[in-house]
Each structure stands twice: as structure tokens, then as C-alpha cells.
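What follows is a single structure, written as C-alpha cells, with notes after it.
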Amino acid sequence: MSVMVRVDDRLVHGQVVVGWGRAMRLKRIVLVDDVISGSEWEQELYRMGVPEGMEIEFASVDDAATGFARWNAERDHTMLLVGEVDTLLRLGAVAPVARVNLGGVHQATGRTERLPYVFLSDEEAAQLQTLADRGVVITAQDVPTAPPIPLAEFVP
Amino acid sequence: MSGVTLGGLILWGIVTGVDLVSFLQAMVARPLVAATVAGAILGDPSAGVLIGMVLELFALEVLPVGGARYPDYGPAAVAACAVAAGRGPEALGLGVVVGLGLAQIGEWSIVALRRWNTTHVRRAAAALDAGDLKVIQRVQLAGIGRDALRALLLTLGGLGVALAVRRWPPVAGRPALLLLAVLVGIGLATAAINGKRLASGRTGLAWLTTGLAGGIAWLFLR
Amino acid sequence: MAVPAVMAFVRAGFRLLTVQACFNHERMIGVGVGYASEPLLRTLPDGVKGDRYRAAMIRATRYFNAHPYLVGLAAGALARAEHDDVPGPQIERLRTALVGPLGAVGDRLVWAGTLPAASAVGLAISTDARAGLGALAMLGLYNVPHAVLRIWGLMAGWRNGTRVGRALASPLLSATLRAIGPTATLAIGFAIPLVTARLVGGLDLAIWTGVVAGAGLAIMVLRWIAPALGAVRLGLLAALGIALGAIL
């Protein structure tokens with residue numbers, strides 16, 4: 001299993017490229033976002049945040065669904081990065097997502113704190129629960145050195 | 001120690017402590033700088049430089065990358081110099097130990113400070129979310145104030161430990177020199193290991209050995 | 001567009017020195033960014049009483065993180081975007097997009113480049129000069145690029161707005177990024193023999209054995225056995241061992 005899907009509203013940042021990049025020996029980050037996949041100036045910036053030796057690709061949800069099987073078959077590790085629970089849900093509907101890492105969903109109107117780095121609205125919590133009921137393994141873990149926390153512990 | 005010296009050390013401890021994160025980051029918090037100045041305040045500049053050099057080797061490990069935890073060497077260097085000033089080479093090792101201990105406590109104190117800051121920011125969330133400049137200003141000032149308090153406590157605690165160690169040194173004579181030697185060895189290896197990592201990929205060892213060869217040549221040719 | 005006066009940039013520059021004043025886990029340095037950007041937002045249409053200023057300030061204090069010396073690039077670019085009337089959601093996207101690159105570039109350029117290089121030069125000079133010159137050299141070598149980076153960042157951010165990626169892609173910056181790591185490694189290598197000679201050069205063979213033992217221990221523990229222990233804790237444990245040995 002070489003594809004990991006991470007939900008992190010900070011997208012490409014230090015925890016991802018340094019923390020997870022080293023621990024997982026990541027070869028590639030695929031930023032899945034329908035707007036960024038069509039926005040040149042944003043891609044320009046995200047490319048600057050990735051160190052040498054790591055690839056970054058930009059995909060819409062549909063592109064990601066097409067590429068999923070290919071990345072999954074590779075021996076090298078790929079991280080699919082999404083910024084919102086909603087994007088995750090749309091990705092889950094079109095690609096065989098098996099495990100999800102919640103790395104950072106921060107405070108916003110309507111959301112309540114579930115973990116220091118996971119804030120969810122009731123709707124988002126229910127959406128994650130639906131995914132989990134379908135057999136997707138969802139855990140929260142901001143950095144590789146922290147223990148993963150199963151969804152059931154913070155979304156009862 | 002005169003009142004002026006004590007006051008100078010406390011003030012310098014606060015300046016270096018705050019410099020590390022909250023204000024300026026001109027790196028006067030680095031042990032080489034912090035200890036050189038502390039040695040001068042104590043009237044033993046040479047001990048200050050030597051303490052600063054050993055601690056600086058250890059500090060080469062510190063890369064505050066991606067929110068990593070890091071030791072705080074500013075107040076630590078002040079306390080280390082207070083141990084070693086005017087006591088000759090035997091006291092240098094003990095000074096370094098006090099410095100390392102305090103740097104570690106400094107690391108924990110930064111973790112606690114960030115928790116305290118988080119509580120304040122949470123409490124002020126409504127005003128911050130309204131873009132209230134007065135509250136923003138207050139949050140910033142309070143943050144620096146808390147950090148200054150943190151640095152003050154560290155410096156005072158460190159100076160207390162330093163006085164105790166001067167009065168009742170746990171090791172003296174040959175073992176004290178051996179202590180210095182082992183710590184210098186650990187520091188040198190730390191500098192080499194981390195220095196090698198700074199050049200990306202496999203070129204690190206080549207750059208490091210080139211530098212080492214240059215340094216050795218310099219020692220023989222000067 | 002009402003361009004802010006020179007004094008507004010000076011004020012923003014000084015406020016940027018406090019950008020990490022209230023470093024916290026929730027917004028990281030977001031409040032600091034809001035505080036520093038504020039002088040640049042005062043000339044938005046209708047001034048400090050206007051809706052544009054208020055909306056901009058609310059956005060400006062939200063979560064943000066970056067290397068402290070490069071935050072000016074973000075503060076400048078985001079303020080410019082506000083003046084250019086870029087839609088709010090797009091400004092928030094710019095904010096998110098800046099966190100990764102400003103952190104990564106700053107870490108490589110400063111924490112893993114300029115700082116250890118300046119430190120090594122300071123160490124080398126400290127071994128063979130009047131007391132204080134090494135520290136002074138270190139401060140100078142470090143803080144000239146530091147100041148340049150801060151000032152350049154704020155101005156380049158303001159000039160480029162949403163296209164701030166161009167400033168980061170400058171050939172000079174990428175050449176410096178490639179060169180700075182090896183330079184630091186080389187300088188540290190050069191400093192090590194000088195520091196060794198200065199600290200333990202005049203001492204006898206038994207002391208030298210202690211140095212070699214300490215170095216060997218550090219290489220074994222920090223490279224292979226327990227890298228997470230760190231040099232500080234290893235040094236403290238070794239000291240404890242020696243003290244116990246001396247007492248017994």
C-alpha cells in the first residue's frame with residue numbers, strides 16, 4: 001500500500017515535507033484541489049516548498065481518481081494531500097481510498113475542537129463517520145512521531 | 001560578585017532569552033555571543049570565550065526547523081560563565097554542565113510558554129477575529145512580557161545553581177579536566193555530524209573532510 | 001490605489017521584528033503578521049474606519065507560519081493583494097500557499113545555512129584572536145544577510161502581490177540556496193581542528209583520550225543508537241557518569 005491520503009488545511013508545509021517526507025521516504029506529493037490544479041501562481045508557490053528529490057503534482061479530484069491505481073501500484077510512496085473534508089469525501093467517492101490521515105483541520109466558524117489540531121463541524125464529523133463505516137481506516141496524527149488516534153476516539 | 005555585575009548578568013540573560021524567539025532574533029542568544037559577553041561582564045573574558053566555544057559546538061545541533069523543540073542557550077551561557085569565571089580550566093567543564101542543564105530546562109520552558117500564549121490567544125479570539133488593533137498590540141506585548149519573565153526566572157535559577165556549584169564543586173582536579181575533555185569530545189562530534197548534514201545528499205562528507213584538512217593545514221602553517 | 005507612505009513600510013519593518021512575540025499553537029505567528037501588516041492597510045479605501053481595512057485585518061491575524069525573516073514577503077504580498085482588491089477567498093489561498101515555501105526556503109537559507117556558517121567562522125576566529133572578536137564576527141556575518149533578507153522580503157512582497165512566487169524563484173536566491181549548505185559544512189570542518197587545538201591542545205594524553213572517548217560515544221549514540229536523545233542530554237548523562245565515577 002503506497003498511497004496515503006492526508007487532510008491538512010495548511011497543505012504543503014514543514015510537517016508534511018520534512019516530518020512525513022523523511023519518515024515515509026516520500027517520493028511524491030499530489031496536491032488534490034480543483035482550484036489549485038488550474039491556478040498557475042499557486043502551483044508556482046507550492047513547488048518552492050518541496051525539497052530536492054521530492055516530486056509534487058497538482059491534480060483535480062478527477063485527475064487523482066485516474067492516477068490513483070498507478071501511484072498505488074508503485075513501490076515508492078505517494079501522499080495525496082487534500083485541504084478539506086469535503087474534498088476527501090469527493091475523492092473517496094471516485095477512488096479506492098483505504099486509509100486517511102487527519103493531519104490538521106483548524107478552527108473555523110461552526111467547527112468545534114476534537115483534538116488540538118482537529119476541529120470539525122458536526123456535518124464534517126458525520127461525513128468522516130460515513131467514510132469509516134465503508135471500511136476506510138481514519139486516524140488523526142499530526143507528526144509521524146505522535147501516536148495515531150482512531151476516529152472513534154474523537155468522533156464518538 | 002558586585003551588584004552591578006549581578007544586575008548586568010540578569011539583564012543580559014533576559015536580552016538573550018527574548019532574542020531567541022520573541023524579539024529580533026539577531027542571535028545574541030547563541031552561546032558563543034551570550035557567553036563572550038557574560039564573561040566580559042564577570043571580568044574574565046577568556047573563560048567566557050572558552051565556555052561559549054564548547055556550548056556553541058553543542059548548539060550546532062539546533063535547527064529550529066518545522067516547529068522542532070530546541071534548547072535555549074542564552075540564560076544557560078550566563079550561568080555557565082558564572083560557574084567558570086576566575087577559576088581556571090578546572091571549572092570550565094562544570095560550567096559547561098550547568099550550561100547544558102539550563103539549556104535543557106530552557107527548552108521545556110519554551111514549550112510551557114507556548115501553551116501560555118495559546119491560552120491568551122484563545123481568550124482573545126473574539127477580538128482578534130474582529131481585527132481589533134488594540135487587542136492585537138496587547139497580545140504581542142504580553143507575549144514578549146511572558147518571555148522576558150521566562151528568561152528572568154531561568155537566569156536567576158541558573159545563577160543560584162552557579163553559586164552553589166562554585167561553593168561545593170562536585171568534581172575537582174583531574175576528574176574535572178576529564179569532564180571538560182569528554183564534553184569537548186561530544187561537542188566536536190556533534191558539530192561534525194550536524195555539519196555534514198548541511199550539504200545536501202552525499203557531498204556532505206567530502207565538504208566536511210575538505211574543511212577539516214584545511215583547518216589542520218592552517219594549524220601547521222600559521 | 002493609495003500607496004502607503006514610506007513611514008508605513010518602516011513601521012511595518014520594525015513591527016516584523018516582533019512577529020513571533022506571541023508564538024502559539026493555535027495561530028502560530030498569525031497575530032504577529034496582522035500587527036506587522038497593519039500600517040500598510042491604513043490607506044485602503046475609507047481608511048481605518050472602512051470595511052476593507054476591517055476585513056483585511058481579520059484575515060491578517062489568522063493562522064500563519066513561516067520563517068521569521070521571510071514573513072515580510074508574506075506581509076507585503078498580502079497587503080498588496082488587499083490594495084489590488086483581490087477577492088477575499090483568493091487572499092486566503094495566497095496565505096495558505098505561502099506557509100510551506102517561506103518556511104522551507106528560510107529554513108534552508110538561514111537555520112541550515114547562514115547561521116551554522118557564521119557560527120563556524122565565529123568559532124574559528126575565537127580560537128586565535130582577542131577575546132570577543134569571534135563573537136563580533138559571528139554577529140556581523142549573520143546579521144548583515146539577516147537585515148538584507150528582512151528588508152528585501154517586505155519590499156519584494158509588496159512589489160509582487162499575488163505573484164510573490166516570482167520573487168522566491170529569483171536566480172540569485174536559488175544560487176545562494178545551492179551554495180550555502182556546502183559552505184556551512186566546509187566552514188564547520190575548518191573550525192573543528194582549530195577549536196580542538198585551542199580547547200585541549202596544551203593538555204596531556206589522558207585528557208586527549210577523554211576527548212576521543214567523548215567523540216566516539218557521541219558518534220555511536222547520536223548517529224546509530226539513539227539520535228533522538230540529542231547532544232545536550234547525552235552531555236548531561238556523560239557528566240553524571242563521570243561525577244558518579246569520581247565520587248565512588
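Going by the C-alpha cells order, chains are called A, B, ..., each with residues numbered from 1, while ligands are numbered from 1 in the order shown.
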Contacts of region 115-120 of chain B within 7 Å, only C-alpha atoms, excl. fewer than 5 positions in-chain, as JSON, numbers by chain: {"B": [143], "C": [22, 23, 24, 25, 26]}
Can I get the selection written as a CSV table (one decimal), in the first residue's frame, with C-alpha atoms?
chain,number,residue,atom,x,y,z
B,143,GLY,CA,3.9,37.6,24.7
C,22,CYS,CA,3.1,35.6,20.8
C,23,PHE,CA,4.1,32.3,19.2
C,24,ASN,CA,1.3,29.9,20.0
C,25,HIS,CA,-0.1,26.5,18.8
C,26,GLU,CA,-3.4,27.9,17.5
Can you write out as a tab-separated table which residues of chain C fall within 7 Å of chain B, alongside each residue's closest atom pair and its distance in Å to one decimal, counting only C-alpha atoms and ordering rows by chain and ascending residue number?
residue	atom	partner	partner_atom	distance
C:Leu17	CA	B:Leu24	CA	4.9
C:Thr18	CA	B:Phe23	CA	4.8
C:Gln20	CA	B:Ser22	CA	5.0
C:Ala21	CA	B:Ser22	CA	4.1
C:Cys22	CA	B:Gly143	CA	4.4
C:Phe23	CA	B:Arg114	CA	6.1
C:Asn24	CA	B:Thr118	CA	4.7
C:His25	CA	B:Thr118	CA	5.8
C:Glu26	CA	B:Thr118	CA	6.2
C:Val31	CA	B:Ile136	CA	6.4
C:Gly32	CA	B:Gln140	CA	6.8
C:Tyr35	CA	B:Ile136	CA	6.4
C:Arg54	CA	B:Gly131	CA	6.1
C:Met57	CA	B:Gly131	CA	4.8
C:Ile58	CA	B:Gly131	CA	4.4
C:Thr61	CA	B:Leu128	CA	6.9
C:Asp107	CA	B:Val65	CA	6.1
C:Trp111	CA	B:Leu63	CA	5.8
C:Ala112	CA	B:Leu198	CA	6.0
C:Pro116	CA	B:Leu60	CA	6.4
C:Leu123	CA	B:Met53	CA	6.2
C:Ser126	CA	B:Val49	CA	7.0
C:Ala131	CA	B:Ser46	CA	6.1
C:Gly132	CA	B:Thr36	CA	6.1
C:Ala135	CA	B:Val33	CA	4.9
C:Asn143	CA	B:Ala26	CA	6.3
C:Gly181	CA	B:Ala199	CA	4.5
C:Pro182	CA	B:Ala199	CA	4.4
C:Ala184	CA	B:Leu198	CA	6.7
C:Thr185	CA	B:Gly195	CA	4.8
C:Leu186	CA	B:Gly211	CA	4.5
C:Ala187	CA	B:Gly211	CA	6.2
C:Ile188	CA	B:Gly195	CA	6.0
C:Gly189	CA	B:Gly211	CA	4.1
C:Phe190	CA	B:Gly215	CA	4.2
C:Ala191	CA	B:Gly215	CA	6.3
C:Ile192	CA	B:Leu188	CA	6.6
C:Pro193	CA	B:Gly215	CA	5.6
C:Leu194	CA	B:Gly215	CA	6.3
C:Ile207	CA	B:Leu178	CA	5.8
C:Trp208	CA	B:Ala181	CA	7.0
C:Gly210	CA	B:Val182	CA	4.9
C:Val211	CA	B:Gly185	CA	4.2
C:Val212	CA	B:Gly185	CA	5.9
C:Ala213	CA	B:Val182	CA	6.6
C:Gly214	CA	B:Val182	CA	4.3
C:Ala215	CA	B:Gly185	CA	4.2
C:Ala218	CA	B:Ile186	CA	5.2
C:Ile219	CA	B:Ala189	CA	6.2
C:Ala231	CA	B:Phe58	CA	6.4
C:Val232	CA	B:Leu100	CA	5.8
C:Gly235	CA	B:Leu183	CA	6.1
C:Leu236	CA	B:Val97	CA	6.4
C:Ala239	CA	B:Leu179	CA	6.4
C:Ile242	CA	B:Leu179	CA	6.6
C:Ala243	CA	B:Val171	CA	6.4
C:Ala246	CA	B:Pro175	CA	6.5
Write the residues of the preceding selection, restricted to C-alpha atoms, as an mmCIF file, in the first residue's frame.
data_model
loop_
_atom_site.group_PDB
_atom_site.id
_atom_site.type_symbol
_atom_site.label_atom_id
_atom_site.label_comp_id
_atom_site.auth_asym_id
_atom_site.auth_seq_id
_atom_site.Cartn_x
_atom_site.Cartn_y
_atom_site.Cartn_z
ATOM 1 C CA LEU C 17 10.874 42.213 14.485
ATOM 2 C CA THR C 18 8.174 41.154 16.959
ATOM 3 C CA GLN C 20 6.991 35.757 16.850
ATOM 4 C CA ALA C 21 6.195 37.642 20.086
ATOM 5 C CA CYS C 22 3.128 35.560 20.834
ATOM 6 C CA PHE C 23 4.123 32.260 19.221
ATOM 7 C CA ASN C 24 1.270 29.851 19.993
ATOM 8 C CA HIS C 25 -0.143 26.548 18.848
ATOM 9 C CA GLU C 26 -3.408 27.936 17.538
ATOM 10 C CA VAL C 31 -1.284 37.670 15.269
ATOM 11 C CA GLY C 32 2.240 38.961 14.637
ATOM 12 C CA TYR C 35 0.255 43.512 13.728
ATOM 13 C CA ARG C 54 -11.528 45.724 8.854
ATOM 14 C CA MET C 57 -7.229 42.959 9.454
ATOM 15 C CA ILE C 58 -9.449 39.985 10.253
ATOM 16 C CA THR C 61 -4.387 37.806 12.097
ATOM 17 C CA ASP C 107 14.999 27.021 6.998
ATOM 18 C CA TRP C 111 18.825 27.892 10.034
ATOM 19 C CA ALA C 112 20.659 25.304 7.961
ATOM 20 C CA PRO C 116 25.875 27.497 11.116
ATOM 21 C CA LEU C 123 34.341 29.703 16.427
ATOM 22 C CA SER C 126 37.552 32.910 18.680
ATOM 23 C CA ALA C 131 38.548 37.853 23.245
ATOM 24 C CA GLY C 132 35.296 38.979 21.717
ATOM 25 C CA ALA C 135 31.514 36.645 18.672
ATOM 26 C CA ASN C 143 23.121 39.927 10.755
ATOM 27 C CA GLY C 181 24.739 24.381 2.734
ATOM 28 C CA PRO C 182 28.145 23.193 1.440
ATOM 29 C CA ALA C 184 28.454 25.860 6.125
ATOM 30 C CA THR C 185 29.735 22.260 6.077
ATOM 31 C CA LEU C 186 33.136 23.428 4.836
ATOM 32 C CA ALA C 187 33.356 26.169 7.483
ATOM 33 C CA ILE C 188 32.419 23.765 10.288
ATOM 34 C CA GLY C 189 35.055 21.299 9.067
ATOM 35 C CA PHE C 190 37.657 24.083 9.086
ATOM 36 C CA ALA C 191 36.710 25.237 12.578
ATOM 37 C CA ILE C 192 36.836 21.807 14.235
ATOM 38 C CA PRO C 193 40.663 21.336 14.305
ATOM 39 C CA LEU C 194 41.204 24.944 15.410
ATOM 40 C CA ILE C 207 42.861 14.258 28.565
ATOM 41 C CA TRP C 208 43.103 13.577 24.847
ATOM 42 C CA GLY C 210 38.824 11.661 27.167
ATOM 43 C CA VAL C 211 38.183 13.817 24.085
ATOM 44 C CA VAL C 212 38.353 10.808 21.769
ATOM 45 C CA ALA C 213 36.131 8.771 24.101
ATOM 46 C CA GLY C 214 33.552 11.595 24.204
ATOM 47 C CA ALA C 215 33.587 11.957 20.416
ATOM 48 C CA ALA C 218 28.607 10.858 20.629
ATOM 49 C CA ILE C 219 29.017 9.355 17.172
ATOM 50 C CA ALA C 231 23.685 16.151 22.255
ATOM 51 C CA VAL C 232 22.555 18.166 25.298
ATOM 52 C CA GLY C 235 26.369 15.511 27.534
ATOM 53 C CA LEU C 236 24.391 15.662 30.780
ATOM 54 C CA ALA C 239 28.721 14.273 33.066
ATOM 55 C CA ILE C 242 31.899 10.986 35.391
ATOM 56 C CA ALA C 243 30.703 12.660 38.603
ATOM 57 C CA ALA C 246 34.753 10.387 40.734
#
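One finds CA of Leu168 (chain C) at 22.8 Å from CA of Gly19 (chain A).
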Selection: 6 Å around Ala140 (chain A), only C-alpha atoms, excl. self and same-chain fewer than 5 positions, as a ChimeraX atom specification: /A:101-102,148-149
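If we count only C-alpha atoms, these residues of chain C sit within 7 Å of chain A: Thr96, Ala97, Leu98, Val99, Gly100, Pro101, Gly103, Ala104, Arg163 and Gly165 of chain C.
The residues of region 40-80 of chain C that DSSP assigns to alpha helix (DSSP H) on this backbone come out as Leu40, Leu41, Asp51, Arg52, Tyr53, Arg54, Ala55, Ala56, Met57, Ile58, Arg59, Ala60, Val71, Gly72, Leu73, Ala74, Ala75, Gly76, Ala77, Leu78, Ala79 and Arg80 of chain C.
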CA of Val33 (chain C) to CA of Tyr69 (chain C), distance in Å rounded to a single decimal: 11.9 Å
Point-to-point distance in Å for CA of Tyr73 (chain B) and CA of Pro169 (chain B): 22.0 Å
